[in-house]
file start-v8.cif (mmCIF, C-alpha atoms)
data_work
#
loop_
_atom_site.label_atom_id
_atom_site.label_comp_id
_atom_site.auth_asym_id
_atom_site.auth_seq_id
_atom_site.Cartn_x
_atom_site.Cartn_y
_atom_site.Cartn_z
CA MET L 924 -10.35 -23.99 -4.91
CA ARG L 925 -12.55 -25.92 -2.48
CA SER L 926 -9.58 -26.74 -0.24
CA GLY L 927 -8.72 -23.02 -0.07
CA VAL L 928 -12.27 -22.16 0.93
CA LEU L 929 -12.25 -24.95 3.50
CA ALA L 930 -8.94 -23.75 4.95
CA LEU L 931 -10.31 -20.20 5.18
CA ALA L 932 -13.46 -21.45 6.86
CA LEU L 933 -11.39 -23.40 9.39
CA LEU L 934 -9.11 -20.44 10.11
CA TRP L 935 -11.89 -17.83 10.31
CA PRO L 936 -12.76 -18.53 13.95
CA LEU L 937 -9.08 -18.13 14.87
CA ALA L 938 -8.93 -14.69 13.29
CA ALA L 939 -12.16 -13.35 14.79
CA PRO L 940 -10.82 -13.03 18.38
CA ALA L 941 -7.98 -10.79 17.16
CA TRP L 942 -10.51 -8.45 15.54
CA ALA L 943 -12.58 -8.51 18.71
CA ASP L 944 -9.46 -7.72 20.76
CA TYR L 945 -8.70 -4.76 18.51
CA ASP L 946 -12.25 -3.40 18.64
CA THR L 947 -12.46 -3.90 22.40
CA GLY L 948 -9.05 -2.27 22.81
CA ILE L 949 -10.06 0.78 20.79
CA ALA L 950 -13.32 1.06 22.73
CA ALA L 951 -11.30 1.00 25.97
CA LEU L 952 -8.98 3.71 24.62
CA GLU L 953 -11.98 5.88 23.83
CA THR L 954 -13.07 5.70 27.47
CA GLY L 955 -9.54 6.32 28.75
CA ASP L 956 -9.06 2.79 30.10
CA PHE L 957 -5.47 2.36 28.89
CA LYS L 958 -4.80 -0.77 30.92
CA LYS L 959 -7.74 -2.62 29.39
CA ALA L 960 -6.89 -1.26 25.95
CA ILE L 961 -3.35 -2.59 26.13
CA THR L 962 -4.43 -6.01 27.42
CA GLN L 963 -6.84 -6.23 24.47
CA LEU L 964 -4.53 -4.80 21.81
CA GLU L 965 -1.46 -6.90 22.61
CA PRO L 966 -2.99 -10.25 21.60
CA ALA L 967 -4.35 -8.70 18.41
CA ALA L 968 -0.96 -7.17 17.60
CA THR L 969 0.86 -10.40 18.39
CA SER L 970 -1.47 -12.30 16.07
CA GLY L 971 -0.58 -9.91 13.23
CA ASP L 972 -3.26 -7.21 13.30
CA ILE L 973 -1.36 -4.24 11.83
CA ARG L 974 -3.88 -1.75 13.22
CA ALA L 975 -3.24 -3.02 16.75
CA GLN L 976 0.52 -3.00 16.11
CA TYR L 977 0.30 0.64 15.04
CA VAL L 978 -1.78 1.70 18.04
CA LEU L 979 0.54 -0.10 20.46
CA GLY L 980 3.49 1.58 18.76
CA ILE L 981 1.90 5.00 19.23
CA LEU L 982 1.05 4.28 22.87
CA HIS L 983 4.64 3.23 23.57
CA ALA L 984 6.10 6.13 21.55
CA HIS L 985 4.16 8.78 23.43
CA GLY L 986 3.71 7.09 26.80
CA HIS L 987 -0.09 7.11 26.74
CA GLY L 988 -1.30 4.93 29.56
CA ILE L 989 2.06 3.18 29.85
CA LYS L 990 5.66 4.11 30.42
CA ARG L 991 7.16 5.63 27.29
CA ASP L 992 9.30 2.98 25.59
CA PRO L 993 10.81 4.07 22.26
CA GLU L 994 12.29 0.62 21.55
CA LYS L 995 8.93 -1.13 21.92
CA ALA L 996 7.35 1.67 19.89
CA VAL L 997 9.76 1.09 17.02
CA THR L 998 9.26 -2.69 17.24
CA TRP L 999 5.47 -2.46 16.96
CA LEU L 1000 5.53 0.35 14.40
CA ARG L 1001 8.01 -1.56 12.23
CA LYS L 1002 5.71 -4.61 12.19
CA ALA L 1003 2.79 -2.45 11.07
CA ALA L 1004 4.95 -0.52 8.58
CA GLU L 1005 6.23 -3.72 7.02
CA GLY L 1006 2.56 -4.65 6.52
CA ASP L 1007 2.21 -1.46 4.42
CA PHE L 1008 0.37 0.52 7.10
CA ILE L 1009 1.18 4.05 5.89
CA ALA L 1010 0.60 5.80 9.21
CA ALA L 1011 3.17 3.50 10.83
CA GLN L 1012 5.65 4.19 8.04
CA LEU L 1013 5.23 7.93 8.54
CA GLU L 1014 5.60 7.64 12.32
CA LEU L 1015 8.79 5.60 11.93
CA ALA L 1016 10.16 8.17 9.49
CA ARG L 1017 9.38 10.92 12.01
CA ILE L 1018 10.98 9.00 14.88
CA TYR L 1019 14.18 8.37 12.92
CA GLN L 1020 14.25 11.90 11.51
CA THR L 1021 13.99 13.55 14.92
CA GLY L 1022 15.81 10.93 16.96
CA ASP L 1023 12.79 10.70 19.26
CA GLY L 1024 14.04 8.14 21.76
CA VAL L 1025 16.26 6.41 19.22
CA PRO L 1026 19.42 7.51 17.42
CA ARG L 1027 18.73 9.78 14.44
CA ASP L 1028 19.00 7.77 11.26
CA GLU L 1029 18.60 9.63 7.97
CA SER L 1030 18.83 6.41 5.97
CA ALA L 1031 15.93 4.87 7.92
CA THR L 1032 14.00 8.14 7.55
CA ALA L 1033 14.41 7.95 3.77
CA LYS L 1034 13.50 4.25 3.72
CA TRP L 1035 10.17 4.75 5.49
CA PHE L 1036 9.26 7.89 3.55
CA LEU L 1037 9.98 5.93 0.36
CA ARG L 1038 7.69 3.08 1.40
CA ALA L 1039 4.87 5.53 2.20
CA ALA L 1040 5.50 7.56 -0.98
CA GLU L 1041 5.32 4.45 -3.13
CA LEU L 1042 1.95 3.67 -1.54
CA GLY L 1043 0.72 7.11 -2.58
CA ASP L 1044 1.12 9.29 0.51
CA VAL L 1045 1.56 12.81 -0.87
CA GLY L 1046 3.29 14.17 2.23
CA ALA L 1047 5.84 11.37 2.01
CA GLN L 1048 6.32 12.08 -1.70
CA LEU L 1049 7.16 15.69 -0.95
CA ALA L 1050 9.45 14.74 1.95
CA LEU L 1051 11.23 12.23 -0.27
CA ALA L 1052 11.77 14.85 -2.98
CA ASP L 1053 13.43 17.08 -0.38
CA ILE L 1054 15.51 14.16 0.91
CA TYR L 1055 16.89 13.43 -2.58
CA MET L 1056 17.43 17.10 -3.35
CA LEU L 1057 19.49 17.55 -0.17
CA GLY L 1058 21.08 14.10 -0.06
CA ARG L 1059 19.81 13.29 3.45
CA GLY L 1060 20.24 9.56 4.10
CA VAL L 1061 20.55 8.89 0.38
CA ASN L 1062 22.94 9.93 -2.32
CA LYS L 1063 22.01 13.38 -3.57
CA ASP L 1064 20.10 12.80 -6.80
CA LEU L 1065 18.44 15.78 -8.45
CA VAL L 1066 16.73 13.69 -11.13
CA THR L 1067 15.07 11.49 -8.50
CA ALA L 1068 14.16 14.62 -6.52
CA TYR L 1069 12.50 16.01 -9.65
CA VAL L 1070 10.63 12.72 -10.13
CA TRP L 1071 9.13 12.94 -6.63
CA TYR L 1072 8.30 16.67 -6.96
CA GLU L 1073 6.57 15.84 -10.24
CA ILE L 1074 4.58 13.07 -8.55
CA ALA L 1075 3.76 15.36 -5.61
CA SER L 1076 2.54 18.02 -8.04
CA ARG L 1077 -0.37 15.72 -8.96
CA TYR L 1078 -1.78 16.66 -5.57
CA TRP L 1079 -0.07 19.94 -4.69
CA GLY L 1080 -0.34 21.41 -8.19
CA GLU L 1081 1.35 24.76 -8.80
CA MET L 1082 2.93 24.70 -5.34
CA MET L 1083 5.55 22.34 -6.79
CA ASP L 1084 6.45 24.68 -9.66
CA GLY L 1085 9.10 26.48 -7.60
CA PRO L 1086 11.07 23.40 -6.54
CA LYS L 1087 10.77 21.88 -10.03
CA GLN L 1088 11.99 25.14 -11.60
CA LEU L 1089 14.93 25.27 -9.18
CA LEU L 1090 15.90 21.72 -10.10
CA SER L 1091 15.34 22.18 -13.82
CA GLU L 1092 17.94 24.97 -13.74
CA GLN L 1093 20.46 22.40 -12.47
CA LEU L 1094 19.45 19.60 -14.85
CA THR L 1095 19.67 19.20 -18.59
CA ASP L 1096 16.52 19.17 -20.69
CA VAL L 1097 17.13 15.45 -21.28
CA GLN L 1098 17.25 14.81 -17.52
CA VAL L 1099 14.03 16.75 -16.92
CA LYS L 1100 12.28 14.87 -19.71
CA ALA L 1101 13.53 11.54 -18.28
CA ALA L 1102 12.37 12.53 -14.78
CA LYS L 1103 8.90 13.39 -16.07
CA LYS L 1104 8.73 10.06 -17.86
CA MET L 1105 9.78 8.19 -14.69
CA ALA L 1106 7.12 10.05 -12.72
CA ASP L 1107 4.48 9.07 -15.29
CA GLU L 1108 5.51 5.44 -14.94
CA LYS L 1109 5.01 5.44 -11.14
#

call {"tool": "encode", "arguments": {"input": "start-v8.cif", "output": "structure tokens"}}
result
Amino acid sequence: MRSGVLALALLWPLAAPAWADYDTGIAALETGDFKKAITQLEPAATSGDIRAQYVLGILHAHGHGIKRDPEKAVTWLRKAAEGDFIAAQLELARIYQTGDGVPRDESATAKWFLRAAELGDVGAQLALADIYMLGRGVNKDLVTAYVWYEIASRYWGEMMDGPKQLLSEQLTDVQVKAAKKMADEK
């Protein structure tokens, strides 16, 4: 235990500059100084700050203050998304779904919506239900679609009754019961 505390204490000063770079970068963005923001955010992102990775990904994706570069955007967003940064997962799903500067990839769209849905993002849960219902980037699976509509209904309530009713007409009572049980277990 003491060696872990000592290691943390020794590493703490190394981590602080990355936080400072992020904060300074965001402050520069707020004043419209994109050049300063990028020079501050890049070291933070390179050192693993997922917030900085996300912001750099957005800047590259939309060309704010720098030349639009979809490949760099995807690289930075993927790093943040792999660190379970939901906003980055959603942005990657959007990029792959629309083919915004990269080839459309329904499988990658489904992958990133799944990651965000599993972390509790209700919009991603609804999108994932639609993806499974239509078989976009995944094998069409009405039971799994029902599971995600059921989970989404925890937030959206009665708005999910229509899609669940539509699916229940195509599923057996046993399948619906199993889907509800799977949703309860998530």

call {"tool": "resolve_selection", "arguments": {"input": "start-v8.cif", "expression": "the PyMOL selection byres ((chain L and resi 1075-1087) around 12)", "output": "tab-separated table (two decimals) with C-alpha atoms, in the coordinates of the input"}}
result
chain	number	residue	atom	x	y	z
L	1040	ALA	CA	5.50	7.56	-0.98
L	1041	GLU	CA	5.32	4.45	-3.13
L	1043	GLY	CA	0.72	7.11	-2.58
L	1044	ASP	CA	1.12	9.29	0.51
L	1045	VAL	CA	1.56	12.81	-0.87
L	1046	GLY	CA	3.29	14.17	2.23
L	1047	ALA	CA	5.84	11.37	2.01
L	1048	GLN	CA	6.32	12.08	-1.70
L	1049	LEU	CA	7.16	15.69	-0.95
L	1050	ALA	CA	9.45	14.74	1.95
L	1051	LEU	CA	11.23	12.23	-0.27
L	1052	ALA	CA	11.77	14.85	-2.98
L	1053	ASP	CA	13.43	17.08	-0.38
L	1056	MET	CA	17.43	17.10	-3.35
L	1065	LEU	CA	18.44	15.78	-8.45
L	1066	VAL	CA	16.73	13.69	-11.13
L	1067	THR	CA	15.07	11.49	-8.50
L	1068	ALA	CA	14.16	14.62	-6.52
L	1069	TYR	CA	12.50	16.01	-9.65
L	1070	VAL	CA	10.63	12.72	-10.13
L	1071	TRP	CA	9.13	12.94	-6.63
L	1072	TYR	CA	8.30	16.67	-6.96
L	1073	GLU	CA	6.57	15.84	-10.24
L	1074	ILE	CA	4.58	13.07	-8.55
L	1088	GLN	CA	11.99	25.14	-11.60
L	1089	LEU	CA	14.93	25.27	-9.18
L	1090	LEU	CA	15.90	21.72	-10.10
L	1091	SER	CA	15.34	22.18	-13.82
L	1092	GLU	CA	17.94	24.97	-13.74
L	1093	GLN	CA	20.46	22.40	-12.47
L	1094	LEU	CA	19.45	19.60	-14.85
L	1099	VAL	CA	14.03	16.75	-16.92
L	1102	ALA	CA	12.37	12.53	-14.78
L	1103	LYS	CA	8.90	13.39	-16.07
L	1106	ALA	CA	7.12	10.05	-12.72
L	1107	ASP	CA	4.48	9.07	-15.29
L	1109	LYS	CA	5.01	5.44	-11.14

call {"tool": "resolve_selection", "arguments": {"input": "start-v8.cif", "expression": "the PyMOL selection byres ((chain L and resi 996-1010) around 6)", "output": "MDAnalysis selection string"}}
result
chainID L and resid 973 976:977 980 983:984 993:995 1011:1013 1039

call {"tool": "resolve_selection", "arguments": {"input": "start-v8.cif", "expression": "the PyMOL selection byres ((chain L and resi 962-970) around 9)", "output": "PyMOL selection string"}}
result
chain L and resi 938+940-949+951+957-961+971-979+999+1002-1003

call {"tool": "atom_distance", "arguments": {"input": "start-v8.cif", "atom1": "atom CA of L:Leu1015", "atom2": "atom CA of L:Asp992"}}
result
13.9 Å

call {"tool": "atom_distance", "arguments": {"input": "start-v8.cif", "atom1": "atom CA of L:Trp1035", "atom2": "atom CA of L:Arg1059"}}
result
13.0 Å

call {"tool": "atom_distance", "arguments": {"input": "start-v8.cif", "atom1": "atom CA of L:Lys1063", "atom2": "atom CA of L:Ile1018"}}
result
21.9 Å

call {"tool": "build_atoms", "arguments": {"input": "start-v8.cif", "residues": "stretch 1090-1107 of chain L", "atoms": "N, CA, C and O atoms", "output": "compact mmCIF listing (two decimals), keeping the file's coordinate frame"}}
result
# COMPACT_ATOMS: atom_id res chain seq x y z
N LEU L 1090 15.17 22.91 -9.64
CA LEU L 1090 15.90 21.72 -10.10
C LEU L 1090 16.15 21.74 -11.60
O LEU L 1090 17.23 21.34 -12.05
N SER L 1091 15.17 22.19 -12.37
CA SER L 1091 15.34 22.18 -13.82
C SER L 1091 16.49 23.09 -14.26
O SER L 1091 17.09 22.88 -15.31
N GLU L 1092 16.81 24.09 -13.44
CA GLU L 1092 17.94 24.97 -13.74
C GLU L 1092 19.28 24.26 -13.51
O GLU L 1092 20.31 24.70 -14.00
N GLN L 1093 19.24 23.15 -12.77
CA GLN L 1093 20.46 22.40 -12.47
C GLN L 1093 20.56 21.10 -13.29
O GLN L 1093 21.55 20.38 -13.19
N LEU L 1094 19.50 20.82 -14.04
CA LEU L 1094 19.45 19.60 -14.85
C LEU L 1094 19.43 19.95 -16.32
O LEU L 1094 19.04 21.05 -16.70
N THR L 1095 19.80 19.01 -17.14
CA THR L 1095 19.67 19.20 -18.59
C THR L 1095 18.22 18.95 -18.99
O THR L 1095 17.45 18.34 -18.24
N ASP L 1096 17.87 19.41 -20.18
CA ASP L 1096 16.52 19.17 -20.69
C ASP L 1096 16.24 17.67 -20.81
O ASP L 1096 15.13 17.22 -20.55
N VAL L 1097 17.27 16.91 -21.16
CA VAL L 1097 17.13 15.45 -21.28
C VAL L 1097 16.82 14.84 -19.91
O VAL L 1097 15.97 13.96 -19.78
N GLN L 1098 17.49 15.32 -18.88
CA GLN L 1098 17.25 14.81 -17.52
C GLN L 1098 15.84 15.14 -17.04
O GLN L 1098 15.17 14.30 -16.43
N VAL L 1099 15.39 16.35 -17.32
CA VAL L 1099 14.03 16.75 -16.92
C VAL L 1099 13.01 15.90 -17.64
O VAL L 1099 12.05 15.40 -17.02
N LYS L 1100 13.21 15.69 -18.92
CA LYS L 1100 12.28 14.87 -19.71
C LYS L 1100 12.27 13.43 -19.16
O LYS L 1100 11.20 12.83 -19.01
N ALA L 1101 13.44 12.90 -18.84
CA ALA L 1101 13.53 11.54 -18.28
C ALA L 1101 12.83 11.47 -16.92
O ALA L 1101 12.13 10.50 -16.62
N ALA L 1102 13.00 12.50 -16.10
CA ALA L 1102 12.37 12.53 -14.78
C ALA L 1102 10.85 12.55 -14.92
O ALA L 1102 10.14 11.85 -14.19
N LYS L 1103 10.36 13.35 -15.85
CA LYS L 1103 8.90 13.39 -16.07
C LYS L 1103 8.38 12.04 -16.54
O LYS L 1103 7.30 11.61 -16.10
N LYS L 1104 9.13 11.39 -17.38
CA LYS L 1104 8.73 10.06 -17.86
C LYS L 1104 8.71 9.06 -16.71
O LYS L 1104 7.77 8.27 -16.57
N MET L 1105 9.73 9.10 -15.85
CA MET L 1105 9.78 8.19 -14.69
C MET L 1105 8.60 8.45 -13.76
O MET L 1105 8.00 7.52 -13.22
N ALA L 1106 8.25 9.72 -13.59
CA ALA L 1106 7.12 10.05 -12.72
C ALA L 1106 5.82 9.50 -13.32
O ALA L 1106 4.98 8.98 -12.57
N ASP L 1107 5.68 9.61 -14.63
CA ASP L 1107 4.48 9.07 -15.29
C ASP L 1107 4.37 7.57 -15.16
O ASP L 1107 3.27 7.02 -15.13
